[in-house]
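Asker: Pasting in a structure now, in structure tokens, and then I'll have a few things to ask.
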Amino acid sequence: MIHPLHRNALAGALFAACLSLTAPTAVFAAAPPSQAASPDGEVAWLPAASDADVERAFAQARAQGKPLLLYWGASWCPPCNQLKATLFNRQDFIERSRAFVPVHVDGDLPGAQKLGTRFKVRGYPTLILFNPAGAEITRLPGEADAPQVMQVLQLGMAGGRPVAAVLADAKAGKPLSASEWRMLAWYSWDTDDAQLVPEADRANELAALARAAPPNEPQIATRLWLKALAESDDAKGVVADAALRERVMKVLADPVVARAQMDVLTNWPVEITRAITTKHAGGQRAAVLAAYETALQRLEADATLSRADRMGALLGRIELARMDTPDDAKSVKLPPALVKDVRAHVERDDREITDGYERQAVITTGAYALRRAGLMNESDALLKANLAKSHSPYYLMSALASNAKARGDKTGALRWYEEAYRTSQGPATRLQWGASYVNALVELSPQDTARIERAASELIADAAKQPNAFYERSARSLQSAGRKLQAWNANGAHADAIKRLQTQLGAVCAALPAQDAQRNTCDALLRAKPAAG
């Protein structure tokens with residue numbers, strides 16, 4: 001699965017936020033996780049959109065002596081839909097769910113972003129397991145394949161201590177059980193949001209854990225080392241020595257071990273390669289690249305993996321092949337055999353996938369793979385062909401806008417960004433897509449003052465309709481647009497437009513309670529910066 005917080009392959013476009021689409025005949029093939037269990041047996045998710053909803057769920061967990069699993073996601077998010085296609089529909093997960101209280105927070109529900117602030121969740125999907133008393137036990141690795149997620153869930157439910165306490169003991173040199181070491185190794189560090197370790201310190205902390213891991217559990221140390229290397233791109237963090245390089249090479253050469261570490265290997269191939277090699281050591285890097293390519297080919301062909309994971313392996317191959325090609329390169333030249341594989345893989349998945357959730361998770365990543373392989377027209381064609389099949393066509397439109405922008409087609413890019421915003425649904429989604437449209441206008445058409453002001457005014461009006469528009473993801477969307485508008489007016493050339501927008505925003509901020517944390521965020525959005533000196 002391509003995780004929503006992947007830092008390279010999906011960065012720089014709304015692909016990073018999650019692409020999704022679904023065939024109309026399959027959209028309703030399974031009940032969304034906000035519904036209760038159906039007669040044929042599904043997870044009885046409790047929908048939560050407020051603190052009161054969550055408190056009722058925690059009260060139920062305490063009364064029943066059950067853990068609570070909180071799932072934070074969005075209907076348009078591919079990794080979220082991958083969870084629906086591969087984890088939430090598993091019979092063992094459904095049966096296990098009877099032993100915990102399952103809570104679903106839809107990111108577009110009115111109070112969801114405020115709950116995101118409360119639970120320190122930033123990316124979709126996030127899975128947090130709490131004990132019956134309400135203490136956070138662990139965050140599940142949604143990017144791992146379903147059997148591994150199940151193992152982590154079972155470890156946490158089997159009387160597991162909160163992972164923060166486990167980590168503190170590990171750092172203090174105290175003995176841990178094998179289960180506690182596994183919990184640390186398979187913890188969702190990517191959705192931790194500095195709960196355990198500041199992001200800047202994560203690589204070194206993971207490396208320290210790897211050194212201390214029990215020698216009779218080699219997979220634990222291996223995973224911790226790989227995660228540390230993934231955080232150490234270009235030697236920022238862990239500086240790999242020959243022994244660590246050899247360890248990674250052994251992982252790549254061993255099909256069983258590579259399969260067990262599939263999610264790390266497919267999601268961070270460029271970072272891991274750069275961390276264990278230097279650009280100037282040509283033979284050294286070439287050997288690692290060859291071994292990595294072989295390992296990824298095996299994973300791509302592994303029928304025991306989901307289609308999303310196999311697509312992730314293909315994307316990893318593309319990223320390694322273009323590792324030294326600038327991201328903004330107008331043309332990309334990859335080995336002909338790889339280009340052929342990309343076309344065949346994407347065409348096969350598009351032809352064979354019938355499950356709506358799986359389509360949401362796979363096909364748009366395939367469109368991105370085509371783009372990264374230099375097949376931009378084919379990426380466009382795949383996205384356009386699926387617009388009519390999607391319950392979230394605005395997400396595909398954003399991908400088309402990103403493609404147009406990469407080609408230098410400013411008019412086409414802005415047309416798609418605008419249409420994506422116009423057709424977007426859900427309060428948090430509208431703010432995110434509206435901010436993307438404003439940002440694109442400022443970047444691609446800064447001279448069009450009227451259009452920029454009109455779009456920014458609409459974005460503020462959308463925020464005014466929402467009771468929690470200045471929390472978490474929604475706040476970050478608005479702050480992004482605010483920074484872009486301030487930079488646009490850095491020399492005062494658009495002062496009149498900014499003043500009108502400030503007046504409009506001021507009324508929105510004034511309507512918020514003075515003690516509400518949102519008030520400061522709102523007030524700062526378009527606040528003029530003090531003059532230098």
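Naming scheme: A, B, ... for chains in displayed order of the structure tokens; residues 1 onward per chain; ligands 1 onward as shown.
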Considering only strand (DSSP E or B) as DSSP defines it on the backbone, what residues of segment 77-307 of chain A qualify? List them as a list in words.

Answerer: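 Answer for segment 77-307 of chain A, restricted to strand (DSSP E or B): Val101, Pro102, Val103, His104, Val105, Asp106, Thr126, Leu127, Ile128, Leu129, Phe130, Glu136, Ile137, Thr138, Arg139 and Leu140 of chain A.
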
Asker: Can you pull out every residue within 7 Å of segment 251-264 of chain A, counting only C-alpha atoms, but drop anything in the same chain fewer than 2 positions away, and send it as an MDAnalysis selection string?

Answerer: chainID A and resid 1 143:144 223 226:227 247:249 266:268 291:292 295 299

Asker: As a compact mmCIF listing (two decimals) with N, CA, C and O atoms, in the first residue's frame, which residues of segment 9-252 of chain A does DSSP assign to alpha helix (DSSP H)?

Answerer:
```
# COMPACT_ATOMS: atom_id res chain seq x y z
N ASP A 51 -16.55 15.32 20.29
CA ASP A 51 -16.02 14.80 21.55
C ASP A 51 -17.07 13.97 22.27
O ASP A 51 -16.74 12.94 22.88
N ALA A 52 -18.33 14.39 22.20
CA ALA A 52 -19.39 13.65 22.87
C ALA A 52 -19.53 12.24 22.29
O ALA A 52 -19.70 11.26 23.04
N ASP A 53 -19.42 12.12 20.95
CA ASP A 53 -19.49 10.80 20.32
C ASP A 53 -18.36 9.90 20.81
O ASP A 53 -18.56 8.72 21.13
N VAL A 54 -17.16 10.47 20.85
CA VAL A 54 -16.00 9.69 21.27
C VAL A 54 -16.10 9.30 22.74
O VAL A 54 -15.78 8.16 23.12
N GLU A 55 -16.58 10.22 23.56
CA GLU A 55 -16.70 9.91 24.99
C GLU A 55 -17.72 8.79 25.22
O GLU A 55 -17.53 7.94 26.10
N ARG A 56 -18.79 8.78 24.44
CA ARG A 56 -19.75 7.68 24.56
C ARG A 56 -19.10 6.35 24.19
O ARG A 56 -19.34 5.32 24.82
N ALA A 57 -18.27 6.38 23.15
CA ALA A 57 -17.59 5.15 22.73
C ALA A 57 -16.60 4.69 23.80
O ALA A 57 -16.51 3.49 24.10
N PHE A 58 -15.86 5.63 24.41
CA PHE A 58 -14.93 5.26 25.47
C PHE A 58 -15.69 4.73 26.69
O PHE A 58 -15.23 3.80 27.36
N ALA A 59 -16.85 5.33 26.99
CA ALA A 59 -17.65 4.84 28.10
C ALA A 59 -18.11 3.40 27.83
O ALA A 59 -18.11 2.55 28.74
N GLN A 60 -18.48 3.12 26.58
CA GLN A 60 -18.87 1.76 26.22
C GLN A 60 -17.69 0.80 26.39
O GLN A 60 -17.85 -0.32 26.90
N ALA A 61 -16.49 1.24 25.97
CA ALA A 61 -15.31 0.39 26.10
C ALA A 61 -15.01 0.08 27.56
O ALA A 61 -14.70 -1.06 27.92
N ARG A 62 -15.14 1.10 28.43
CA ARG A 62 -14.88 0.88 29.86
C ARG A 62 -15.93 -0.08 30.44
O ARG A 62 -15.59 -1.00 31.20
N ALA A 63 -17.18 0.15 30.09
CA ALA A 63 -18.26 -0.68 30.65
C ALA A 63 -18.12 -2.13 30.22
O ALA A 63 -18.43 -3.05 30.98
N GLN A 64 -17.65 -2.35 28.99
CA GLN A 64 -17.54 -3.71 28.47
C GLN A 64 -16.16 -4.31 28.68
O GLN A 64 -15.94 -5.48 28.34
N PRO A 78 -7.19 6.67 -1.13
CA PRO A 78 -6.88 5.32 -1.59
C PRO A 78 -6.39 4.38 -0.51
O PRO A 78 -6.88 3.25 -0.43
N PRO A 79 -5.43 4.76 0.34
CA PRO A 79 -5.02 3.81 1.38
C PRO A 79 -6.17 3.45 2.33
O PRO A 79 -6.21 2.34 2.84
N CYS A 80 -7.09 4.40 2.55
CA CYS A 80 -8.27 4.08 3.36
C CYS A 80 -9.11 3.03 2.66
O CYS A 80 -9.59 2.07 3.28
N ASN A 81 -9.30 3.19 1.37
CA ASN A 81 -10.08 2.22 0.63
C ASN A 81 -9.36 0.89 0.51
O ASN A 81 -9.98 -0.17 0.43
N GLN A 82 -8.02 0.93 0.52
CA GLN A 82 -7.26 -0.31 0.54
C GLN A 82 -7.51 -1.07 1.84
O GLN A 82 -7.62 -2.31 1.84
N LEU A 83 -7.61 -0.35 2.95
CA LEU A 83 -7.95 -1.01 4.21
C LEU A 83 -9.32 -1.67 4.12
O LEU A 83 -9.53 -2.79 4.61
N LYS A 84 -10.27 -1.01 3.47
CA LYS A 84 -11.60 -1.58 3.32
C LYS A 84 -11.57 -2.84 2.43
O LYS A 84 -12.31 -3.79 2.66
N ALA A 85 -10.67 -2.81 1.43
CA ALA A 85 -10.62 -3.91 0.48
C ALA A 85 -9.83 -5.11 0.99
O ALA A 85 -10.03 -6.23 0.52
N THR A 86 -8.91 -4.88 1.94
CA THR A 86 -8.01 -5.97 2.34
C THR A 86 -8.01 -6.28 3.83
O THR A 86 -7.59 -7.37 4.22
N GLN A 91 -12.49 -11.90 7.37
CA GLN A 91 -13.33 -12.54 8.36
C GLN A 91 -12.68 -12.52 9.74
O GLN A 91 -13.36 -12.34 10.76
N ASP A 92 -11.34 -12.70 9.79
CA ASP A 92 -10.70 -12.69 11.11
C ASP A 92 -10.73 -11.30 11.73
O ASP A 92 -10.86 -11.16 12.95
N PHE A 93 -10.68 -10.24 10.92
CA PHE A 93 -10.79 -8.89 11.45
C PHE A 93 -12.22 -8.63 11.95
O PHE A 93 -12.43 -8.05 13.02
N ILE A 94 -13.19 -9.06 11.15
CA ILE A 94 -14.59 -8.87 11.54
C ILE A 94 -14.87 -9.59 12.86
O ILE A 94 -15.49 -9.04 13.77
N GLU A 95 -14.37 -10.82 12.98
CA GLU A 95 -14.57 -11.57 14.22
C GLU A 95 -13.83 -10.92 15.38
O GLU A 95 -14.35 -10.81 16.49
N ARG A 96 -12.60 -10.46 15.12
CA ARG A 96 -11.82 -9.80 16.17
C ARG A 96 -12.47 -8.52 16.62
O ARG A 96 -12.37 -8.11 17.78
N ALA A 112 -14.81 16.40 12.79
CA ALA A 112 -13.70 15.46 12.65
C ALA A 112 -12.34 16.12 12.79
O ALA A 112 -11.42 15.56 13.40
N GLN A 113 -12.17 17.32 12.24
CA GLN A 113 -10.86 17.95 12.28
C GLN A 113 -10.48 18.37 13.71
O GLN A 113 -9.32 18.33 14.10
N LYS A 114 -11.49 18.73 14.50
CA LYS A 114 -11.22 19.02 15.91
C LYS A 114 -10.79 17.75 16.63
O LYS A 114 -9.88 17.77 17.46
N LEU A 115 -11.42 16.62 16.30
CA LEU A 115 -11.00 15.35 16.88
C LEU A 115 -9.59 15.00 16.42
O LEU A 115 -8.81 14.40 17.17
N GLY A 116 -9.26 15.37 15.20
CA GLY A 116 -7.90 15.15 14.72
C GLY A 116 -6.87 15.86 15.58
O GLY A 116 -5.80 15.32 15.88
N THR A 117 -7.19 17.08 16.00
CA THR A 117 -6.31 17.81 16.90
C THR A 117 -6.20 17.10 18.24
O THR A 117 -5.11 16.96 18.81
N ARG A 118 -7.32 16.62 18.74
CA ARG A 118 -7.33 15.95 20.04
C ARG A 118 -6.45 14.70 20.04
O ARG A 118 -5.70 14.46 20.99
N PHE A 119 -6.54 13.91 18.96
CA PHE A 119 -5.83 12.64 18.94
C PHE A 119 -4.51 12.71 18.17
O PHE A 119 -3.86 11.68 17.97
N ALA A 146 -2.29 -6.64 5.25
CA ALA A 146 -3.32 -6.93 6.24
C ALA A 146 -2.89 -7.94 7.31
O ALA A 146 -3.16 -7.72 8.50
N PRO A 147 -2.24 -9.05 6.97
CA PRO A 147 -1.85 -9.99 8.02
C PRO A 147 -0.93 -9.37 9.08
O PRO A 147 -1.05 -9.67 10.27
N GLN A 148 -0.02 -8.50 8.66
CA GLN A 148 0.86 -7.84 9.63
C GLN A 148 0.09 -6.87 10.50
O GLN A 148 0.35 -6.77 11.71
N VAL A 149 -0.86 -6.15 9.93
CA VAL A 149 -1.69 -5.25 10.74
C VAL A 149 -2.47 -6.06 11.77
O VAL A 149 -2.58 -5.66 12.94
N MET A 150 -2.97 -7.20 11.36
CA MET A 150 -3.70 -8.06 12.30
C MET A 150 -2.81 -8.51 13.45
O MET A 150 -3.24 -8.55 14.61
N GLN A 151 -1.55 -8.83 13.15
CA GLN A 151 -0.63 -9.27 14.20
C GLN A 151 -0.39 -8.15 15.21
O GLN A 151 -0.39 -8.39 16.42
N VAL A 152 -0.20 -6.92 14.72
CA VAL A 152 0.02 -5.80 15.62
C VAL A 152 -1.23 -5.55 16.46
O VAL A 152 -1.16 -5.28 17.66
N LEU A 153 -2.39 -5.64 15.83
CA LEU A 153 -3.65 -5.46 16.55
C LEU A 153 -3.77 -6.50 17.67
O LEU A 153 -4.14 -6.17 18.81
N GLN A 154 -3.46 -7.74 17.36
CA GLN A 154 -3.57 -8.80 18.36
C GLN A 154 -2.58 -8.61 19.50
O GLN A 154 -2.90 -8.87 20.66
N LEU A 155 -1.37 -8.13 19.16
CA LEU A 155 -0.38 -7.86 20.21
C LEU A 155 -0.90 -6.79 21.17
O LEU A 155 -0.78 -6.91 22.39
N GLY A 156 -1.48 -5.74 20.60
CA GLY A 156 -1.98 -4.66 21.45
C GLY A 156 -3.16 -5.07 22.29
O GLY A 156 -3.31 -4.63 23.44
N MET A 157 -4.01 -5.93 21.74
CA MET A 157 -5.20 -6.35 22.46
C MET A 157 -4.89 -7.38 23.55
O MET A 157 -5.68 -7.58 24.47
N VAL A 163 2.54 1.92 24.11
CA VAL A 163 3.83 1.87 23.43
C VAL A 163 4.78 2.94 23.97
O VAL A 163 6.01 2.76 23.93
N ALA A 164 4.25 4.05 24.50
CA ALA A 164 5.12 5.08 25.06
C ALA A 164 5.90 4.52 26.26
O ALA A 164 7.09 4.80 26.42
N ALA A 165 5.23 3.73 27.08
CA ALA A 165 5.90 3.11 28.23
C ALA A 165 6.91 2.07 27.77
O ALA A 165 8.01 1.95 28.34
N VAL A 166 6.56 1.32 26.74
CA VAL A 166 7.48 0.32 26.20
C VAL A 166 8.73 0.99 25.66
O VAL A 166 9.86 0.54 25.90
N LEU A 167 8.55 2.08 24.92
CA LEU A 167 9.70 2.79 24.36
C LEU A 167 10.57 3.36 25.47
O LEU A 167 11.81 3.29 25.39
N ALA A 168 9.97 3.91 26.51
CA ALA A 168 10.74 4.47 27.62
C ALA A 168 11.59 3.39 28.27
O ALA A 168 12.77 3.62 28.60
N ASP A 169 11.04 2.20 28.45
CA ASP A 169 11.81 1.10 29.04
C ASP A 169 12.94 0.67 28.11
O ASP A 169 14.05 0.36 28.57
N ALA A 170 12.66 0.62 26.82
CA ALA A 170 13.70 0.23 25.86
C ALA A 170 14.86 1.22 25.90
O ALA A 170 16.04 0.82 25.89
N LYS A 171 14.55 2.51 25.96
CA LYS A 171 15.60 3.53 25.99
C LYS A 171 16.38 3.50 27.30
O LYS A 171 17.55 3.88 27.35
N ALA A 178 9.32 -10.24 23.74
CA ALA A 178 9.39 -10.30 22.28
C ALA A 178 8.20 -9.57 21.66
O ALA A 178 8.33 -8.88 20.64
N SER A 179 7.02 -9.68 22.30
CA SER A 179 5.83 -9.00 21.78
C SER A 179 6.01 -7.49 21.83
O SER A 179 5.58 -6.77 20.92
N GLU A 180 6.63 -6.98 22.89
CA GLU A 180 6.84 -5.53 23.00
C GLU A 180 7.83 -5.04 21.96
O GLU A 180 7.67 -3.95 21.40
N TRP A 181 8.86 -5.84 21.67
CA TRP A 181 9.79 -5.47 20.61
C TRP A 181 9.07 -5.43 19.27
O TRP A 181 9.31 -4.54 18.45
N ARG A 182 8.20 -6.39 19.03
CA ARG A 182 7.45 -6.39 17.77
C ARG A 182 6.54 -5.16 17.68
O ARG A 182 6.37 -4.58 16.60
N MET A 183 5.96 -4.77 18.79
CA MET A 183 5.10 -3.59 18.78
C MET A 183 5.89 -2.35 18.39
O MET A 183 5.41 -1.50 17.63
N LEU A 184 7.12 -2.23 18.89
CA LEU A 184 7.96 -1.09 18.53
C LEU A 184 8.35 -1.15 17.05
O LEU A 184 8.33 -0.14 16.35
N ALA A 185 8.71 -2.35 16.59
CA ALA A 185 9.17 -2.48 15.22
C ALA A 185 8.06 -2.20 14.21
O ALA A 185 8.29 -1.61 13.15
N ARG A 202 13.88 10.87 14.74
CA ARG A 202 13.33 9.53 14.55
C ARG A 202 14.36 8.54 14.01
O ARG A 202 14.44 7.40 14.47
N ALA A 203 15.16 8.96 13.04
CA ALA A 203 16.13 8.03 12.44
C ALA A 203 17.10 7.49 13.49
O ALA A 203 17.34 6.28 13.57
N ASN A 204 17.66 8.38 14.30
CA ASN A 204 18.62 7.94 15.31
C ASN A 204 17.97 7.11 16.40
O ASN A 204 18.57 6.17 16.92
N GLU A 205 16.72 7.43 16.76
CA GLU A 205 16.02 6.64 17.76
C GLU A 205 15.75 5.23 17.25
O GLU A 205 15.90 4.24 17.97
N LEU A 206 15.34 5.13 15.99
CA LEU A 206 15.08 3.83 15.40
C LEU A 206 16.37 3.01 15.30
O LEU A 206 16.37 1.79 15.53
N ALA A 207 17.46 3.67 14.95
CA ALA A 207 18.74 2.97 14.88
C ALA A 207 19.17 2.46 16.25
O ALA A 207 19.70 1.35 16.39
N ALA A 208 18.95 3.29 17.29
CA ALA A 208 19.29 2.85 18.66
C ALA A 208 18.47 1.64 19.06
O ALA A 208 18.99 0.70 19.69
N LEU A 209 17.18 1.63 18.69
CA LEU A 209 16.35 0.47 18.97
C LEU A 209 16.84 -0.75 18.21
O LEU A 209 16.85 -1.87 18.74
N ALA A 210 17.24 -0.56 16.96
CA ALA A 210 17.73 -1.68 16.16
C ALA A 210 18.96 -2.31 16.80
O ALA A 210 19.11 -3.54 16.82
N ARG A 211 19.84 -1.48 17.33
CA ARG A 211 21.06 -2.01 17.98
C ARG A 211 20.71 -2.79 19.24
O ARG A 211 21.41 -3.75 19.59
N ALA A 212 19.64 -2.38 19.93
CA ALA A 212 19.28 -3.01 21.20
C ALA A 212 18.32 -4.18 21.03
O ALA A 212 18.04 -4.90 22.00
N PRO A 218 15.75 -11.63 14.54
CA PRO A 218 16.41 -10.82 13.51
C PRO A 218 15.46 -9.94 12.70
O PRO A 218 15.85 -8.86 12.25
N GLN A 219 14.21 -10.39 12.52
CA GLN A 219 13.28 -9.58 11.72
C GLN A 219 12.95 -8.26 12.41
O GLN A 219 12.67 -7.26 11.75
N ILE A 220 12.98 -8.25 13.74
CA ILE A 220 12.71 -7.01 14.48
C ILE A 220 13.80 -5.99 14.21
O ILE A 220 13.54 -4.84 13.85
N ALA A 221 15.06 -6.41 14.38
CA ALA A 221 16.17 -5.50 14.12
C ALA A 221 16.20 -5.06 12.66
O ALA A 221 16.46 -3.89 12.35
N THR A 222 15.91 -6.00 11.77
CA THR A 222 15.92 -5.67 10.34
C THR A 222 14.91 -4.58 10.02
O THR A 222 15.22 -3.61 9.31
N ARG A 223 13.70 -4.73 10.54
CA ARG A 223 12.68 -3.71 10.27
C ARG A 223 13.07 -2.36 10.85
O ARG A 223 12.91 -1.31 10.21
N LEU A 224 13.58 -2.35 12.07
CA LEU A 224 13.98 -1.09 12.69
C LEU A 224 15.11 -0.43 11.90
O LEU A 224 15.12 0.80 11.72
N TRP A 225 16.06 -1.23 11.41
CA TRP A 225 17.14 -0.65 10.59
C TRP A 225 16.58 -0.07 9.29
O TRP A 225 16.96 1.03 8.87
N LEU A 226 15.70 -0.81 8.64
CA LEU A 226 15.13 -0.31 7.39
C LEU A 226 14.34 0.97 7.62
O LEU A 226 14.43 1.92 6.82
N LYS A 227 13.56 1.03 8.71
CA LYS A 227 12.82 2.25 9.00
C LYS A 227 13.77 3.41 9.29
O LYS A 227 13.53 4.55 8.90
N ALA A 228 14.87 3.12 10.00
CA ALA A 228 15.86 4.16 10.30
C ALA A 228 16.48 4.68 9.00
O ALA A 228 16.67 5.90 8.82
N LEU A 229 16.82 3.77 8.08
CA LEU A 229 17.41 4.18 6.81
C LEU A 229 16.42 4.98 5.97
O LEU A 229 16.80 5.93 5.27
N ALA A 230 15.14 4.61 6.04
CA ALA A 230 14.12 5.35 5.30
C ALA A 230 14.03 6.79 5.77
O ALA A 230 13.61 7.68 5.01
N ALA A 242 29.63 -0.45 6.07
CA ALA A 242 29.63 -1.61 5.18
C ALA A 242 28.77 -2.73 5.74
O ALA A 242 28.09 -3.44 4.98
N ALA A 243 28.79 -2.90 7.07
CA ALA A 243 28.00 -3.98 7.68
C ALA A 243 26.51 -3.76 7.48
O ALA A 243 25.76 -4.70 7.17
N LEU A 244 26.06 -2.52 7.62
CA LEU A 244 24.64 -2.23 7.45
C LEU A 244 24.25 -2.36 5.98
O LEU A 244 23.17 -2.86 5.65
N ARG A 245 25.15 -1.95 5.10
CA ARG A 245 24.89 -2.11 3.67
C ARG A 245 24.74 -3.59 3.33
O ARG A 245 23.84 -4.00 2.59
N GLU A 246 25.61 -4.40 3.88
CA GLU A 246 25.54 -5.84 3.62
C GLU A 246 24.25 -6.43 4.19
O GLU A 246 23.66 -7.33 3.59
N ARG A 247 23.81 -5.91 5.32
CA ARG A 247 22.56 -6.39 5.91
C ARG A 247 21.39 -6.13 4.97
O ARG A 247 20.53 -7.00 4.77
N VAL A 248 21.35 -4.94 4.40
CA VAL A 248 20.27 -4.61 3.47
C VAL A 248 20.36 -5.48 2.22
O VAL A 248 19.34 -5.97 1.71
N MET A 249 21.57 -5.71 1.73
CA MET A 249 21.73 -6.56 0.55
C MET A 249 21.22 -7.97 0.82
O MET A 249 20.61 -8.61 -0.06
N LYS A 250 21.43 -8.48 2.02
CA LYS A 250 20.93 -9.81 2.37
C LYS A 250 19.40 -9.83 2.41
O LYS A 250 18.76 -10.80 2.02
N VAL A 251 18.81 -8.74 2.90
CA VAL A 251 17.34 -8.64 2.90
C VAL A 251 16.82 -8.68 1.47
O VAL A 251 15.87 -9.41 1.15
N LEU A 252 17.44 -7.91 0.58
CA LEU A 252 16.99 -7.86 -0.80
C LEU A 252 17.15 -9.20 -1.49
O LEU A 252 16.35 -9.55 -2.38
```

Asker: So how far away is atom CA of Val103 of chain A from atom CA of Gly73 of chain A, in Å?

Answerer: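 Atom-to-atom, atom CA of Gly73 of chain A and atom CA of Val103 of chain A are spaced 11.0 Å apart.
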
Asker: Can you pull out every residue within 7 Å of Tyr187 of chain A, counting only C-alpha atoms, but drop anything in the same chain fewer than 6 positions away, and send it as a ChimeraX atom specification?

Answerer: /A:138-141

Asker: Tell me which protein, DNA and RNA residues are within 12 Å of Lys333 of chain A, counting only C-alpha atoms, leaving out same-chain ones fewer than 4 positions away, and put them as a ChimeraX atom specification.

Answerer: /A:318,321-326,329,337-339,371-375

Asker: I'd like the neighbourhood of segment 498-512 of chain A as a PDB file with N, CA and C atoms, in the first residue's frame, where a residue qualifies if any of its atoms comes within 7 Å (using only C-alpha atoms), though same-chain residues fewer than 3 positions away should be ignored.

Answerer:
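The result, stored in part.pdb:
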```
ATOM      1  N   SER A 457     -12.025  34.448  -1.958  1.00  0.00           N
ATOM      2  CA  SER A 457     -13.257  34.841  -1.285  1.00  0.00           C
ATOM      3  C   SER A 457     -14.188  33.638  -1.130  1.00  0.00           C
ATOM      4  N   ILE A 460     -12.908  31.477   1.716  1.00  0.00           N
ATOM      5  CA  ILE A 460     -13.272  32.041   3.025  1.00  0.00           C
ATOM      6  C   ILE A 460     -14.749  31.796   3.315  1.00  0.00           C
ATOM      7  N   ALA A 464     -16.464  29.845   6.438  1.00  0.00           N
ATOM      8  CA  ALA A 464     -17.475  30.464   7.305  1.00  0.00           C
ATOM      9  C   ALA A 464     -18.654  29.538   7.572  1.00  0.00           C
ATOM     10  N   HIS A 494      -1.030  44.092  -4.605  1.00  0.00           N
ATOM     11  CA  HIS A 494      -2.421  43.622  -4.562  1.00  0.00           C
ATOM     12  C   HIS A 494      -3.062  43.976  -3.223  1.00  0.00           C
ATOM     13  N   ALA A 495      -2.650  45.101  -2.678  1.00  0.00           N
ATOM     14  CA  ALA A 495      -3.095  45.493  -1.336  1.00  0.00           C
ATOM     15  C   ALA A 495      -4.603  45.658  -1.246  1.00  0.00           C
ATOM     16  N   ASP A 516     -12.006  30.057  21.920  1.00  0.00           N
ATOM     17  CA  ASP A 516     -11.824  28.925  21.018  1.00  0.00           C
ATOM     18  C   ASP A 516     -10.423  28.986  20.408  1.00  0.00           C
ATOM     19  N   ARG A 519      -9.677  30.699  17.056  1.00  0.00           N
ATOM     20  CA  ARG A 519      -9.692  32.159  16.861  1.00  0.00           C
ATOM     21  C   ARG A 519      -8.311  32.678  16.455  1.00  0.00           C
ATOM     22  N   CYS A 522      -7.419  31.662  12.868  1.00  0.00           N
ATOM     23  CA  CYS A 522      -8.166  32.467  11.909  1.00  0.00           C
ATOM     24  C   CYS A 522      -7.574  33.871  11.797  1.00  0.00           C
ATOM     25  N   ASP A 523      -7.345  34.501  12.944  1.00  0.00           N
ATOM     26  CA  ASP A 523      -6.835  35.874  12.948  1.00  0.00           C
ATOM     27  C   ASP A 523      -5.494  35.996  12.229  1.00  0.00           C
ATOM     28  N   LEU A 526      -4.381  36.015   7.304  1.00  0.00           N
ATOM     29  CA  LEU A 526      -4.007  37.084   6.361  1.00  0.00           C
ATOM     30  C   LEU A 526      -3.446  38.298   7.087  1.00  0.00           C
TER      31      LEU A 526
END
```

Asker: Out of A:Thr277, A:Thr449, A:Asn468, A:Ser436, which residue has the shortest atom-to-atom distance to Pro513 of chain A when counting only C-alpha atoms?

Answerer: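 Residue with the minimum atom-to-atom distance to Pro513 of chain A: A:Asn468.
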
Asker: Leaving out segment 402-408 of chain A and any residue of its chain fewer than 3 positions from it, which residues lie within 8 Å of it when counting only C-alpha atoms, given as a ChimeraX atom specification?

Answerer: /A:13-14,328,330,371,376,380,398-399,412-413

Asker: Just want the 8 Å neighbourhood of Leu383 of chain A, counted on only C-alpha atoms, with same-chain residues fewer than 5 positions away dropped. Output as a list in words.

Answerer: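 Here the answer would be Thr364, Ala367, Leu396, Met397, Ala399 and Leu400 of chain A.
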
Asker: Create the file for the chosen residues now, containing N, CA, C and O atoms and written as an mmCIF file, in the first residue's frame.

Answerer:
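The new file again30.cif reads:
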```cif
data_model
loop_
_atom_site.group_PDB
_atom_site.id
_atom_site.type_symbol
_atom_site.label_atom_id
_atom_site.label_comp_id
_atom_site.auth_asym_id
_atom_site.auth_seq_id
_atom_site.Cartn_x
_atom_site.Cartn_y
_atom_site.Cartn_z
ATOM 1 N N THR A 364 -5.509 4.892 -9.492
ATOM 2 C CA THR A 364 -4.926 6.233 -9.518
ATOM 3 C C THR A 364 -3.431 6.194 -9.223
ATOM 4 O O THR A 364 -2.685 7.019 -9.735
ATOM 5 N N ALA A 367 -2.037 5.563 -12.490
ATOM 6 C CA ALA A 367 -1.924 6.780 -13.296
ATOM 7 C C ALA A 367 -0.665 7.553 -12.929
ATOM 8 O O ALA A 367 0.013 8.119 -13.790
ATOM 9 N N LEU A 396 -9.596 12.848 -9.175
ATOM 10 C CA LEU A 396 -8.967 12.575 -10.460
ATOM 11 C C LEU A 396 -8.675 13.870 -11.216
ATOM 12 O O LEU A 396 -7.676 13.997 -11.904
ATOM 13 N N MET A 397 -9.585 14.852 -11.076
ATOM 14 C CA MET A 397 -9.366 16.142 -11.727
ATOM 15 C C MET A 397 -8.105 16.818 -11.193
ATOM 16 O O MET A 397 -7.361 17.456 -11.943
ATOM 17 N N ALA A 399 -5.500 15.275 -10.133
ATOM 18 C CA ALA A 399 -4.381 14.571 -10.746
ATOM 19 C C ALA A 399 -4.165 15.054 -12.174
ATOM 20 O O ALA A 399 -3.029 15.237 -12.624
ATOM 21 N N LEU A 400 -5.254 15.270 -12.909
ATOM 22 C CA LEU A 400 -5.143 15.805 -14.269
ATOM 23 C C LEU A 400 -4.546 17.211 -14.248
ATOM 24 O O LEU A 400 -3.760 17.577 -15.135
#
```

Asker: Quick check, in Å to one decimal: how far apart do atom CA of Ala301 of chain A and atom CA of Ile353 of chain A lie?

Answerer: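 Taking atom CA of Ala301 of chain A as the start and atom CA of Ile353 of chain A as the end point, the length is 16.4 Å.
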